[in-house]
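Q: Structure: input-v2.csv, CSV, C-alpha atoms and all ligand atoms.
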chain,number,residue,atom,x,y,z
U,1,MET,CA,0.0,0.0,0.0
U,2,THR,CA,1.0,3.6,-0.5
U,3,PRO,CA,1.8,5.2,2.9
U,4,ILE,CA,-0.7,7.9,3.8
U,5,GLN,CA,0.8,11.3,4.2
U,6,ALA,CA,-0.5,13.0,7.3
U,7,ASP,CA,-1.2,16.3,5.6
U,8,GLN,CA,-2.0,15.0,2.1
U,9,THR,CA,-4.6,17.0,0.2
U,10,PRO,CA,-6.5,16.6,-2.0
U,11,ALA,CA,-7.0,13.0,-1.2
U,12,ALA,CA,-7.8,10.3,-3.7
U,13,THR,CA,-10.7,8.8,-1.9
U,14,SER,CA,-12.9,9.7,1.1
U,15,THR,CA,-11.1,7.1,3.2
U,16,ASP,CA,-7.8,8.7,2.3
U,17,ALA,CA,-9.2,12.1,3.1
U,18,ALA,CA,-10.5,10.9,6.4
U,19,LEU,CA,-7.2,9.3,7.3
U,20,ALA,CA,-5.2,12.3,6.4
U,21,THR,CA,-7.3,14.5,8.7
U,22,ALA,CA,-7.1,11.9,11.5
U,23,LEU,CA,-3.4,11.6,11.2
U,24,THR,CA,-2.9,15.3,11.3
U,25,THR,CA,-4.7,15.4,14.6
U,26,VAL,CA,-2.7,12.4,16.0
U,27,ARG,CA,0.5,14.2,15.0
U,28,ALA,CA,-0.5,17.4,16.7
U,29,ASN,CA,-1.5,15.5,19.8
U,30,ILE,CA,2.1,14.2,20.3
U,31,ALA,CA,3.0,17.6,21.5
U,32,ALA,CA,-0.3,18.2,23.2
U,33,PHE,CA,-0.1,15.0,25.3
U,34,ALA,CA,3.6,15.2,25.9
U,35,ALA,CA,3.2,16.3,29.5
U,36,GLY,CA,0.9,13.4,30.5
U,37,TYR,CA,-2.0,11.2,29.5
U,38,PRO,CA,-5.2,13.0,28.4
U,39,ASP,CA,-8.5,12.4,30.2
U,40,ASP,CA,-11.0,9.7,29.0
U,41,THR,CA,-13.0,12.2,27.1
U,42,THR,CA,-12.8,15.7,25.8
U,43,ARG,CA,-14.4,18.7,27.5
U,44,GLY,CA,-15.9,21.0,25.0
U,45,GLY,CA,-14.1,19.1,22.3
U,46,VAL,CA,-10.6,19.3,23.8
U,47,TYR,CA,-8.8,16.7,25.9
U,48,PRO,CA,-7.8,18.0,29.3
U,49,PRO,CA,-4.9,16.2,31.1
U,50,ARG,CA,-6.0,13.2,33.2
U,51,PRO,CA,-6.9,14.7,36.5
U,52,ALA,CA,-4.7,14.2,39.6
U,53,THR,CA,-5.9,11.9,42.4
U,54,ASP,CA,-4.9,12.0,46.1
U,55,ARG,CA,-2.0,9.6,45.1
U,56,LEU,CA,-1.2,10.4,41.5
U,57,PRO,CA,-0.3,13.6,39.7
U,58,ALA,CA,-2.3,15.0,36.7
U,59,GLY,CA,-1.5,13.1,33.5
U,60,ALA,CA,-0.6,9.8,35.3
U,61,ASN,CA,-1.1,6.4,33.7
U,62,ARG,CA,-4.3,5.3,35.5
U,63,GLY,CA,-7.8,4.3,34.5
U,64,TRP,CA,-8.9,2.1,31.6
U,65,THR,CA,-8.3,4.4,28.5
U,66,THR,CA,-4.6,5.4,28.5
U,67,SER,CA,-3.6,2.7,26.1
U,68,PHE,CA,-5.9,4.1,23.4
U,69,TRP,CA,-3.3,6.8,22.9
U,70,PRO,CA,-0.3,4.5,22.1
U,71,GLY,CA,-2.8,2.4,20.1
U,72,GLN,CA,-3.4,5.4,17.9
U,73,LEU,CA,0.3,6.1,17.6
U,74,TRP,CA,1.1,2.5,16.6
U,75,LEU,CA,-1.6,2.6,13.9
U,76,ALA,CA,-0.3,6.0,12.7
U,77,TRP,CA,3.2,4.5,12.4
U,78,GLU,CA,2.0,1.5,10.5
U,79,LEU,CA,-0.1,3.8,8.2
U,80,THR,CA,2.7,6.2,7.4
U,81,GLY,CA,6.1,4.7,8.3
U,82,ASP,CA,6.8,8.0,10.0
U,83,GLU,CA,9.4,7.6,12.8
U,84,GLU,CA,7.8,10.5,14.8
U,85,PHE,CA,4.9,8.2,15.5
U,86,ARG,CA,7.1,5.2,16.4
U,87,VAL,CA,9.2,7.2,18.8
U,88,ALA,CA,6.2,8.7,20.5
U,89,ALA,CA,4.5,5.2,20.8
U,90,SER,CA,7.7,3.5,22.1
U,91,GLY,CA,8.0,6.4,24.6
U,92,THR,CA,4.8,5.3,26.3
U,93,VAL,CA,5.9,1.7,27.1
U,94,ALA,CA,7.9,2.6,30.2
U,95,SER,CA,4.8,4.0,31.9
U,96,PHE,CA,2.9,0.8,31.3
U,97,VAL,CA,5.9,-1.3,32.6
U,98,ASP,CA,6.0,1.0,35.7
U,99,ARG,CA,2.2,0.7,36.2
U,100,VAL,CA,2.2,-3.1,36.3
U,101,GLU,CA,5.4,-3.3,38.3
U,102,ARG,CA,4.2,-0.9,41.0
U,103,GLY,CA,0.6,-2.2,41.0
U,104,ILE,CA,-1.0,1.1,40.0
U,105,ASP,CA,-4.8,0.8,39.4
U,106,LEU,CA,-4.8,-2.9,38.4
U,107,ASP,CA,-8.0,-4.0,40.1
U,108,THR,CA,-9.8,-4.2,36.8
U,109,HIS,CA,-10.6,-6.5,33.9
U,110,ASP,CA,-9.5,-3.6,31.6
U,111,LEU,CA,-5.9,-4.9,31.8
U,112,GLY,CA,-6.7,-6.4,28.4
U,113,PHE,CA,-7.5,-3.0,26.8
U,114,LEU,CA,-4.5,-1.5,28.5
U,115,TYR,CA,-1.8,-4.0,27.8
U,116,THR,CA,-2.9,-5.3,24.4
U,117,LEU,CA,-2.6,-1.9,22.8
U,118,ALA,CA,0.3,-0.5,24.9
U,119,CYS,CA,2.5,-3.6,25.1
U,120,VAL,CA,1.4,-6.5,22.9
U,121,ALA,CA,1.4,-4.1,20.0
U,122,PRO,CA,5.1,-3.1,20.4
U,123,TRP,CA,6.0,-6.8,21.0
U,124,ARG,CA,4.2,-7.8,17.7
U,125,LEU,CA,5.7,-4.8,15.8
U,126,LEU,CA,9.2,-4.5,17.2
U,127,ALA,CA,9.8,-7.5,19.4
U,128,ASP,CA,10.1,-5.2,22.4
U,129,ARG,CA,10.9,-7.7,25.3
U,130,GLY,CA,10.2,-5.3,28.1
U,131,ALA,CA,6.7,-4.7,26.7
U,132,ARG,CA,6.2,-8.4,26.3
U,133,ASP,CA,7.1,-9.0,30.0
U,134,ALA,CA,4.8,-6.3,31.1
U,135,ALA,CA,1.9,-7.7,29.1
U,136,LEU,CA,2.5,-11.2,30.6
U,137,ALA,CA,2.5,-9.7,34.1
U,138,ALA,CA,-0.8,-7.9,33.2
U,139,ALA,CA,-2.2,-11.2,32.0
U,140,ASP,CA,-1.2,-12.8,35.3
U,141,HIS,CA,-3.0,-10.0,37.2
U,142,LEU,CA,-6.1,-10.6,35.0
U,143,MET,CA,-6.0,-14.3,35.9
U,144,THR,CA,-6.3,-13.4,39.6
U,145,ARG,CA,-9.8,-12.1,38.8
U,146,PHE,CA,-11.0,-15.4,37.3
U,147,LEU,CA,-13.5,-16.8,39.7
U,148,GLU,CA,-14.2,-20.5,40.3
U,149,PRO,CA,-16.7,-22.2,40.1
U,150,ALA,CA,-18.5,-19.5,38.0
U,151,GLY,CA,-15.8,-19.4,35.4
U,152,ILE,CA,-16.0,-15.6,34.9
U,153,ILE,CA,-13.6,-12.7,35.3
U,154,GLN,CA,-14.8,-10.1,37.7
U,155,ALA,CA,-14.9,-6.7,36.0
U,156,TRP,CA,-14.5,-4.1,38.6
U,157,GLY,CA,-13.1,-3.5,42.0
U,158,SER,CA,-11.4,-5.6,44.7
U,159,LEU,CA,-12.3,-9.2,44.7
U,160,GLU,CA,-13.4,-8.7,48.4
U,161,ASP,CA,-15.8,-5.8,47.5
U,162,PRO,CA,-19.3,-7.2,48.2
U,163,GLY,CA,-20.7,-4.5,45.8
U,164,GLN,CA,-18.8,-5.9,42.8
U,165,ARG,CA,-18.2,-9.6,43.7
U,166,GLY,CA,-19.2,-11.9,40.9
U,167,ARG,CA,-20.1,-9.1,38.5
U,168,THR,CA,-18.8,-9.0,34.9
U,169,ILE,CA,-19.6,-6.8,31.9
U,170,ILE,CA,-19.9,-7.3,28.2
U,171,ASP,CA,-16.9,-5.0,27.6
U,172,SER,CA,-14.7,-7.7,29.1
U,173,LEU,CA,-14.9,-9.7,25.9
U,174,MET,CA,-12.3,-7.3,24.5
U,175,ASN,CA,-9.9,-8.1,27.3
U,176,MET,CA,-9.7,-11.8,26.4
U,177,PRO,CA,-7.2,-11.5,23.5
U,178,LEU,CA,-4.5,-10.7,26.1
U,179,LEU,CA,-5.1,-14.1,27.7
U,180,TYR,CA,-5.0,-16.0,24.3
U,181,TRP,CA,-1.8,-14.1,23.5
U,182,ALA,CA,-0.3,-15.2,26.9
U,183,THR,CA,-1.1,-18.8,26.1
U,184,GLU,CA,0.6,-18.4,22.7
U,185,GLN,CA,3.7,-16.9,24.4
U,186,THR,CA,4.0,-19.3,27.3
U,187,GLY,CA,2.4,-22.5,26.2
U,188,ASP,CA,0.3,-22.4,29.4
U,189,GLU,CA,-3.3,-23.2,28.5
U,190,ARG,CA,-4.7,-21.8,31.7
U,191,TYR,CA,-5.0,-18.3,30.2
U,192,ALA,CA,-6.9,-19.4,27.1
U,193,ASP,CA,-9.1,-21.8,29.1
U,194,ALA,CA,-10.2,-18.9,31.3
U,195,ALA,CA,-10.9,-16.7,28.3
U,196,ARG,CA,-12.9,-19.5,26.6
U,197,ARG,CA,-15.0,-20.2,29.8
U,198,HIS,CA,-15.6,-16.5,30.5
U,199,THR,CA,-16.7,-15.9,26.9
U,200,ALA,CA,-19.0,-19.0,27.0
U,201,GLN,CA,-20.7,-17.7,30.2
U,202,LEU,CA,-21.3,-14.3,28.6
U,203,ARG,CA,-22.7,-15.9,25.4
U,204,ASP,CA,-25.1,-17.9,27.6
U,205,GLN,CA,-26.2,-15.2,30.1
U,206,MET,CA,-25.7,-11.8,28.6
U,207,ILE,CA,-27.4,-12.2,25.3
U,208,ARG,CA,-31.2,-11.9,25.7
U,209,PRO,CA,-33.6,-14.0,23.5
U,210,ASP,CA,-34.3,-10.9,21.3
U,211,GLY,CA,-30.6,-10.4,20.5
U,212,THR,CA,-30.1,-7.5,22.9
U,213,THR,CA,-27.4,-7.6,25.6
U,214,PHE,CA,-27.2,-6.8,29.3
U,215,HIS,CA,-24.4,-4.4,30.1
U,216,THR,CA,-23.5,-6.3,33.3
U,217,PHE,CA,-24.3,-9.6,34.9
U,218,TRP,CA,-23.9,-11.1,38.3
U,219,TRP,CA,-22.9,-14.6,39.4
U,220,ASP,CA,-23.0,-16.2,42.8
U,221,VAL,CA,-19.3,-16.6,43.6
U,222,VAL,CA,-19.9,-19.5,46.0
U,223,THR,CA,-22.1,-21.7,43.9
U,224,GLY,CA,-21.2,-20.3,40.5
U,225,ARG,CA,-24.9,-19.8,39.7
U,226,PRO,CA,-25.9,-17.0,37.2
U,227,LEU,CA,-28.0,-14.5,39.1
U,228,ARG,CA,-29.2,-11.5,37.1
U,229,GLY,CA,-28.5,-8.8,34.5
U,230,SER,CA,-28.3,-5.1,35.2
U,231,THR,CA,-26.8,-2.0,33.7
U,232,GLN,CA,-24.3,0.6,34.8
U,233,GLN,CA,-24.1,2.9,31.7
U,234,GLY,CA,-27.2,2.0,29.8
U,235,PHE,CA,-30.7,3.7,30.1
U,236,THR,CA,-32.3,0.9,32.1
U,237,ASP,CA,-31.5,-2.6,33.2
U,238,ASP,CA,-33.6,-3.9,30.4
U,239,SER,CA,-32.5,-1.5,27.6
U,240,CYS,CA,-29.7,-2.2,25.1
U,241,TRP,CA,-26.7,0.1,25.8
U,242,ALA,CA,-25.3,0.8,22.3
U,243,ARG,CA,-21.6,0.5,23.2
U,244,GLY,CA,-22.2,-2.7,25.0
U,245,GLN,CA,-23.8,-4.2,21.9
U,246,ALA,CA,-20.9,-3.0,19.9
U,247,TRP,CA,-18.4,-4.5,22.4
U,248,GLY,CA,-20.4,-7.7,21.9
U,249,ILE,CA,-20.0,-7.6,18.1
U,250,TYR,CA,-16.2,-7.1,18.2
U,251,GLY,CA,-15.6,-9.0,21.4
U,252,PHE,CA,-17.3,-12.2,20.4
U,253,ALA,CA,-15.7,-12.0,17.0
U,254,LEU,CA,-12.2,-11.7,18.5
U,255,ASN,CA,-12.9,-14.7,20.7
U,256,TYR,CA,-13.9,-16.6,17.6
U,257,ARG,CA,-10.6,-15.6,16.0
U,258,TYR,CA,-8.7,-17.4,18.8
U,259,THR,CA,-10.9,-20.4,19.4
U,260,HIS,CA,-12.8,-21.1,16.2
U,261,ASP,CA,-15.8,-21.9,18.4
U,262,GLU,CA,-18.7,-21.3,15.9
U,263,SER,CA,-21.0,-20.3,18.7
U,264,PHE,CA,-18.9,-17.2,19.4
U,265,LEU,CA,-19.1,-16.1,15.7
U,266,ASP,CA,-22.9,-16.7,15.9
U,267,ALA,CA,-23.0,-14.6,19.1
U,268,ALA,CA,-21.1,-11.7,17.3
U,269,ARG,CA,-23.6,-11.9,14.5
U,270,THR,CA,-26.6,-11.9,16.8
U,271,CYS,CA,-25.2,-8.7,18.4
U,272,ALA,CA,-24.5,-7.2,14.9
U,273,ASP,CA,-28.0,-8.0,13.6
U,274,TYR,CA,-29.8,-6.3,16.4
U,275,PHE,CA,-27.4,-3.3,16.3
U,276,LEU,CA,-27.8,-2.8,12.6
U,277,ALA,CA,-31.6,-3.1,12.8
U,278,HIS,CA,-31.8,-0.3,15.4
U,279,LEU,CA,-29.7,2.4,13.8
U,280,PRO,CA,-31.1,5.9,12.9
U,281,ALA,CA,-31.1,7.1,9.3
U,282,ASP,CA,-27.4,8.2,9.3
U,283,GLY,CA,-26.2,4.8,10.7
U,284,VAL,CA,-24.6,6.3,13.9
U,285,ALA,CA,-26.2,4.8,17.0
U,286,TYR,CA,-27.9,6.8,19.8
U,287,TRP,CA,-26.1,6.0,23.1
U,288,ASP,CA,-28.8,3.5,23.9
U,289,LEU,CA,-30.4,1.5,21.2
U,290,ASP,CA,-33.8,2.1,22.8
U,291,PHE,CA,-33.5,5.6,21.2
U,292,THR,CA,-33.8,6.6,17.6
U,293,ASP,CA,-34.5,9.6,15.4
U,294,GLY,CA,-36.9,11.9,17.0
U,295,ASP,CA,-35.7,11.2,20.5
U,296,ASP,CA,-33.9,14.1,22.1
U,297,GLN,CA,-30.8,12.0,23.0
U,298,PRO,CA,-27.1,12.1,22.0
U,299,ARG,CA,-25.4,9.7,19.7
U,300,ASP,CA,-22.4,7.5,20.7
U,301,SER,CA,-20.0,7.8,17.8
U,302,SER,CA,-17.6,5.5,19.7
U,303,ALA,CA,-20.2,2.7,19.6
U,304,ALA,CA,-20.4,3.2,15.9
U,305,ALA,CA,-16.6,3.0,15.4
U,306,ILE,CA,-16.3,-0.1,17.6
U,307,ALA,CA,-19.1,-1.7,15.6
U,308,VAL,CA,-17.4,-1.0,12.3
U,309,CYS,CA,-14.3,-2.8,13.5
U,310,GLY,CA,-16.4,-5.7,14.8
U,311,LEU,CA,-18.2,-6.0,11.5
U,312,ALA,CA,-14.9,-6.0,9.7
U,313,GLU,CA,-13.8,-8.8,11.9
U,314,VAL,CA,-17.0,-10.8,11.3
U,315,VAL,CA,-16.7,-10.2,7.5
U,316,GLY,CA,-13.2,-11.6,7.6
U,317,TRP,CA,-14.5,-14.9,8.9
U,318,LEU,CA,-17.5,-15.4,6.6
U,319,PRO,CA,-17.5,-17.1,3.3
U,320,ASP,CA,-18.4,-15.0,0.2
U,321,GLY,CA,-22.1,-14.5,0.0
U,322,PRO,CA,-24.9,-12.1,0.8
U,323,ASP,CA,-24.4,-12.0,4.6
U,324,ARG,CA,-20.8,-11.0,4.1
U,325,ASP,CA,-21.7,-8.4,1.6
U,326,ARG,CA,-24.4,-7.0,3.8
U,327,TYR,CA,-22.2,-6.6,6.8
U,328,ARG,CA,-19.4,-5.0,4.7
U,329,GLU,CA,-21.8,-2.5,3.1
U,330,ARG,CA,-23.4,-1.5,6.4
U,331,ALA,CA,-19.9,-1.1,8.0
U,332,ASP,CA,-18.7,1.0,5.1
U,333,ALA,CA,-21.8,3.2,5.3
U,334,ILE,CA,-21.4,3.8,9.1
U,335,LEU,CA,-17.7,4.6,8.6
U,336,ALA,CA,-18.5,7.1,5.8
U,337,SER,CA,-21.1,8.7,8.0
U,338,LEU,CA,-18.7,9.1,10.9
U,339,ALA,CA,-16.1,10.6,8.6
U,340,GLU,CA,-18.6,13.0,7.0
U,341,ALA,CA,-20.5,14.3,10.0
U,342,TYR,CA,-18.8,13.3,13.3
U,343,THR,CA,-15.3,14.6,12.8
U,344,PRO,CA,-14.3,18.0,14.2
U,345,VAL,CA,-14.2,20.9,11.9
U,346,ALA,CA,-11.9,23.1,13.9
U,347,GLY,CA,-10.8,23.8,17.5
U,348,SER,CA,-11.0,20.2,18.7
U,349,ASN,CA,-8.2,17.6,19.2
U,350,ALA,CA,-10.4,14.6,19.0
U,351,LEU,CA,-10.6,12.4,15.9
U,352,LEU,CA,-14.3,11.8,16.5
U,353,LEU,CA,-16.9,14.0,18.3
U,354,HIS,CA,-20.3,13.1,19.6
U,355,GLY,CA,-19.5,10.2,21.8
U,356,VAL,CA,-21.0,9.4,25.2
U,357,TYR,CA,-19.0,7.9,28.1
U,358,ASP,CA,-21.6,7.6,30.8
U,359,TRP,CA,-25.0,9.2,30.4
U,360,PRO,CA,-26.5,8.1,33.7
U,361,SER,CA,-23.6,9.7,35.6
U,362,SER,CA,-23.4,12.7,33.2
U,363,ILE,CA,-19.8,12.0,32.3
U,364,GLY,CA,-18.4,12.7,28.9
U,365,VAL,CA,-21.8,13.3,27.2
U,366,ASP,CA,-21.6,14.4,23.6
U,367,GLU,CA,-17.8,14.6,23.6
U,368,GLY,CA,-14.8,13.0,21.9
U,369,THR,CA,-13.5,9.8,23.6
U,370,LEU,CA,-10.1,8.3,23.5
U,371,TRP,CA,-11.4,4.9,22.6
U,372,GLY,CA,-13.7,6.3,19.9
U,373,ASP,CA,-10.7,7.9,18.4
U,374,TYR,CA,-8.7,4.7,18.5
U,375,PHE,CA,-11.4,2.5,16.9
U,376,TYR,CA,-12.2,5.1,14.3
U,377,LEU,CA,-8.5,5.0,13.3
U,378,GLU,CA,-8.5,1.2,13.4
U,379,ALA,CA,-11.6,1.1,11.2
U,380,LEU,CA,-9.8,3.4,8.7
U,381,ALA,CA,-6.6,1.3,8.9
U,382,ARG,CA,-8.5,-1.9,8.3
U,383,LYS,CA,-9.8,-0.3,5.0
U,384,VAL,CA,-6.3,0.7,3.6
U,385,LEU,CA,-4.1,-2.0,5.1
U,386,PRO,CA,-5.6,-5.3,3.9
U,387,GLY,CA,-4.1,-8.1,5.9
U,388,TRP,CA,-3.3,-5.7,8.8
U,389,THR,CA,-2.1,-7.8,11.8
U,390,LEU,CA,-4.4,-7.0,14.7
U,391,TYR,CA,-3.0,-5.9,18.1
U,392,TRP,CA,-5.9,-7.7,19.7
Q,401,LIG,N1,-15.3,-0.2,28.8
Q,401,LIG,C1,-15.9,1.0,29.4
Q,401,LIG,C2,-16.9,1.6,28.5
Q,401,LIG,O1,-17.1,1.2,27.4
Q,401,LIG,O2,-17.4,2.7,28.9
The structure in this file should be written as structure tokens.
A:
Amino acid sequence: MTPIQADQTPAATSTDAALATALTTVRANIAAFAAGYPDDTTRGGVYPPRPATDRLPAGANRGWTTSFWPGQLWLAWELTGDEEFRVAASGTVASFVDRVERGIDLDTHDLGFLYTLACVAPWRLLADRGARDAALAAADHLMTRFLEPAGIIQAWGSLEDPGQRGRTIIDSLMNMPLLYWATEQTGDERYADAARRHTAQLRDQMIRPDGTTFHTFWWDVVTGRPLRGSTQQGFTDDSCWARGQAWGIYGFALNYRYTHDESFLDAARTCADYFLAHLPADGVAYWDLDFTDGDDQPRDSSAAAIAVCGLAEVVGWLPDGPDRDRYRERADAILASLAEAYTPVAGSNALLLHGVYDWPSSIGVDEGTLWGDYFYLEALARKVLPGWTLYW
């Protein structure tokens, strides 16, 4: 492929144009984020530094979204071959090594999001052994959250916290590739077995008969019995949180990639079919799929970007035929809509605007999101780098 020039204009295709714009922003953000990690979402369209806590300074590597910045940098380097991106991406590895070594904010299933993009990526791309060791240490931490006899990975909080014990969330499907990778690296099947069992539990309990998904689900940690679904970021316990459904598409498809368990691909398709059947006219989901055109509610552009990547993953595993064509066409249309109407015009350093982090808690509503930016760039990269080797 021809490397994309970050400032190339006029571009040959709309994908090239969208990529050129996105890469210009990523390049500018190298300086903007040099002093520390940005916050999860923009405020008024601009990323502030990650706030300080009582223990950590502003810009510290904490929370679940910091890896989406190096993820963007690795993609930008692969897309352009430009050393500026590689140097900036490599420069983030030390803070992820430090985080896992010093045990900073590790009580979370999100270790997969964090260490896949920040450390598995440089291992895959550059054989960075320090990054590999940190990613393996993160996989070991993730394994401590695997609860028997339920066979699930607890999502949030300390394992002793009665308010979170036995609870997992659909987003966690995206954290399983770190465990499959750890098995590939070490030959120890425990990691992949845990990922397979966790994913099978989510397939069986979190997808409702109508193809919608729960955001979170609880298991009895003593008996292993499934208890009940609920939500944290969706509209109601019974509604269908758009980003959760998108995590389901991509997450089940990635679990299929590593297991070839057909039921996981079927689960991804169930999530996809409901998602696609409940989109507004421009293809960019409202933050909860219970809403549509005419409802006075914000969109979640990040759910759309994740779904595009998930659909691309599903398409890659389907034989030629109408289903494959349909998923590809819908994914292309959503991506075109994002590029056309959800990217900033000026004055913002997000790649995508109009995402929602947590509507019930009024956090990051109608803003840019670090993960939305990453998945938008991955969706574009998947278009122009056929055969791209996933970080996941
Ligand atoms: N994984 C957290 C979220 O999607 O908000």
Q: Name the closest residue to Pro226 (chain U) among the candidates U:Asp82, U:Asp210, U:Glu313, U:Asp204; distances are taken between atoms, counting all atoms listed in the file.
A: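 Between U:Asp82, U:Asp210, U:Glu313, U:Asp204, the residue approaching Pro226 (chain U) most closely is U:Asp204.
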Q: Could the residues that lie within 8 Å of ligand LIG 401 (chain Q), counting all atoms listed in the file, be listed as a ChimeraX atom specification?
A: /U:64,110,171-172,233,243-244,247,357-358
Q: Using all atoms listed in the file, list the residues that have an atom at most 9 Å from (-2.4, 7.6, 18.2), coordinates as in the file, as a list in words.
A: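 The distance filter leaves exactly Leu23, Thr25, Val26, Arg27, Asn29, Ile30, Phe68, Trp69, Pro70, Gly71, Gln72, Leu73, Trp74, Leu75, Ala76, Trp77, Phe85, Ala88, Ala89, Asp373, Tyr374 and Leu377 of chain U.
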Q: Determine, counting all atoms listed in the file, which protein, DNA and RNA residues have an atom within 10 Å of an atom of Thr231 (chain U); residues of the same chain fewer than 4 positions away are not included. Present the result as a list in words.
A: Ile169, Thr213, Phe214, His215, Thr216, Phe217, Phe235, Thr236, Asp237, Asp238, Ser239, Cys240, Trp241 and Gly244 of chain U
Q: Nearest to Asp188 (chain U) among U:Ala139, U:Ile152, U:Trp218, U:Tyr256, with distances taken over all atoms listed in the file: which residue is it?
A: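 Looking at the shortest contact to Asp188 (chain U), the residue is U:Ala139.
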Q: Given the point (-3.0, -5.5, 32.3) in the coordinates of this file, which residues lie within 10 Å, counting only C-alpha atoms, and how would they look as a ChimeraX atom specification?
A: /U:64,96-97,99-100,103,105-116,118-119,134-143,175,178-179
Q: Restricting the calculation to only C-alpha atoms: of U:Tyr258, U:Tyr180, U:Asp323, U:Gly234, which residue gets closest to Pro360 (chain U)?
A: U:Gly234
Q: For Ala350 (chain U), please output as a ChimeraX atom specification all residues within 12 Å (counting all atoms listed in the file; exclusion window: fewer than 3 positions along the same chain).
A: /U:21-29,32,38-48,69,72,301-302,342-347,353-355,367-374,376-377
Q: Rounded to one decimal in Å, what is the spacing between CA of Glu189 (chain U) and CA of Asp261 (chain U)?
A: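 Interatomic distance here is 16.1 Å.
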Q: Could you state the separation of CA of Leu289 (chain U) and CA of Arg330 (chain U) in Å, given to one decimal place?
A: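 Computed distance, CA of Leu289 (chain U) to CA of Arg330 (chain U), equals 16.6 Å.
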Q: Which residue, U:Ser337, U:Thr80, U:Thr259, U:Ser362, has the smallest gap to Pro298 (chain U) when you use only C-alpha atoms?
A: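 Nearest candidate to Pro298 (chain U) out of U:Ser337, U:Thr80, U:Thr259, U:Ser362: U:Ser362.
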Q: Nearest to Gln185 (chain U) among U:Thr389, U:Arg124, U:Thr66, U:Leu56, with distances taken over all atoms listed in the file: which residue is it?
A: U:Arg124
Q: Rounded to one decimal place, report the CA of Ala267 (chain U)-CA of Ala312 (chain U) distance in Å.
A: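 Pair CA of Ala267 (chain U) / CA of Ala312 (chain U) returns 15.1 Å.
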Q: Which residues, written as a list in words, have at least one atom at most 12 Å from Trp317 (chain U), with all atoms listed in the file counted and residues fewer than 5 positions away on the same chain left out?
A: Ala253, Leu254, Asn255, Tyr256, Arg257, Tyr258, His260, Asp261, Glu262, Phe264, Leu265, Asp266, Ala268, Arg269, Gly310, Leu311, Ala312, Asp323, Arg324, Tyr327 and Arg328 of chain U
Q: Would you put the residues from that selection into a file with C-alpha atoms, as an mmCIF file, in the frame of the given file?
A:
data_model
loop_
_atom_site.group_PDB
_atom_site.id
_atom_site.type_symbol
_atom_site.label_atom_id
_atom_site.label_comp_id
_atom_site.auth_asym_id
_atom_site.auth_seq_id
_atom_site.Cartn_x
_atom_site.Cartn_y
_atom_site.Cartn_z
ATOM 1 C CA ALA U 253 -15.700 -12.000 17.000
ATOM 2 C CA LEU U 254 -12.200 -11.700 18.500
ATOM 3 C CA ASN U 255 -12.900 -14.700 20.700
ATOM 4 C CA TYR U 256 -13.900 -16.600 17.600
ATOM 5 C CA ARG U 257 -10.600 -15.600 16.000
ATOM 6 C CA TYR U 258 -8.700 -17.400 18.800
ATOM 7 C CA HIS U 260 -12.800 -21.100 16.200
ATOM 8 C CA ASP U 261 -15.800 -21.900 18.400
ATOM 9 C CA GLU U 262 -18.700 -21.300 15.900
ATOM 10 C CA PHE U 264 -18.900 -17.200 19.400
ATOM 11 C CA LEU U 265 -19.100 -16.100 15.700
ATOM 12 C CA ASP U 266 -22.900 -16.700 15.900
ATOM 13 C CA ALA U 268 -21.100 -11.700 17.300
ATOM 14 C CA ARG U 269 -23.600 -11.900 14.500
ATOM 15 C CA GLY U 310 -16.400 -5.700 14.800
ATOM 16 C CA LEU U 311 -18.200 -6.000 11.500
ATOM 17 C CA ALA U 312 -14.900 -6.000 9.700
ATOM 18 C CA ASP U 323 -24.400 -12.000 4.600
ATOM 19 C CA ARG U 324 -20.800 -11.000 4.100
ATOM 20 C CA TYR U 327 -22.200 -6.600 6.800
ATOM 21 C CA ARG U 328 -19.400 -5.000 4.700
#
Q: Could you check the closest approach to Gln297 (chain U) for each of U:Leu79, U:Ala379, U:Val365, U:Ile104 and tell me which residue wins, using all atoms listed in the file?
A: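 Going through U:Leu79, U:Ala379, U:Val365, U:Ile104 one by one, the smallest distance to Gln297 (chain U) is for U:Val365.
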Q: If we count all atoms listed in the file and set the cut-off at 8 Å, which residues sit around Gly59 (chain U), ignoring sequence neighbours fewer than 2 positions away in its own chain? Please answer as a JSON list (two decimals) with C-alpha atoms, keeping the file's coordinate frame.
A:
[["chain", "number", "residue", "atom", "x", "y", "z"],
["U", 35, "ALA", "CA", 3.20, 16.30, 29.50],
["U", 36, "GLY", "CA", 0.90, 13.40, 30.50],
["U", 37, "TYR", "CA", -2.00, 11.20, 29.50],
["U", 38, "PRO", "CA", -5.20, 13.00, 28.40],
["U", 39, "ASP", "CA", -8.50, 12.40, 30.20],
["U", 49, "PRO", "CA", -4.90, 16.20, 31.10],
["U", 50, "ARG", "CA", -6.00, 13.20, 33.20],
["U", 51, "PRO", "CA", -6.90, 14.70, 36.50],
["U", 52, "ALA", "CA", -4.70, 14.20, 39.60],
["U", 57, "PRO", "CA", -0.30, 13.60, 39.70],
["U", 61, "ASN", "CA", -1.10, 6.40, 33.70]]
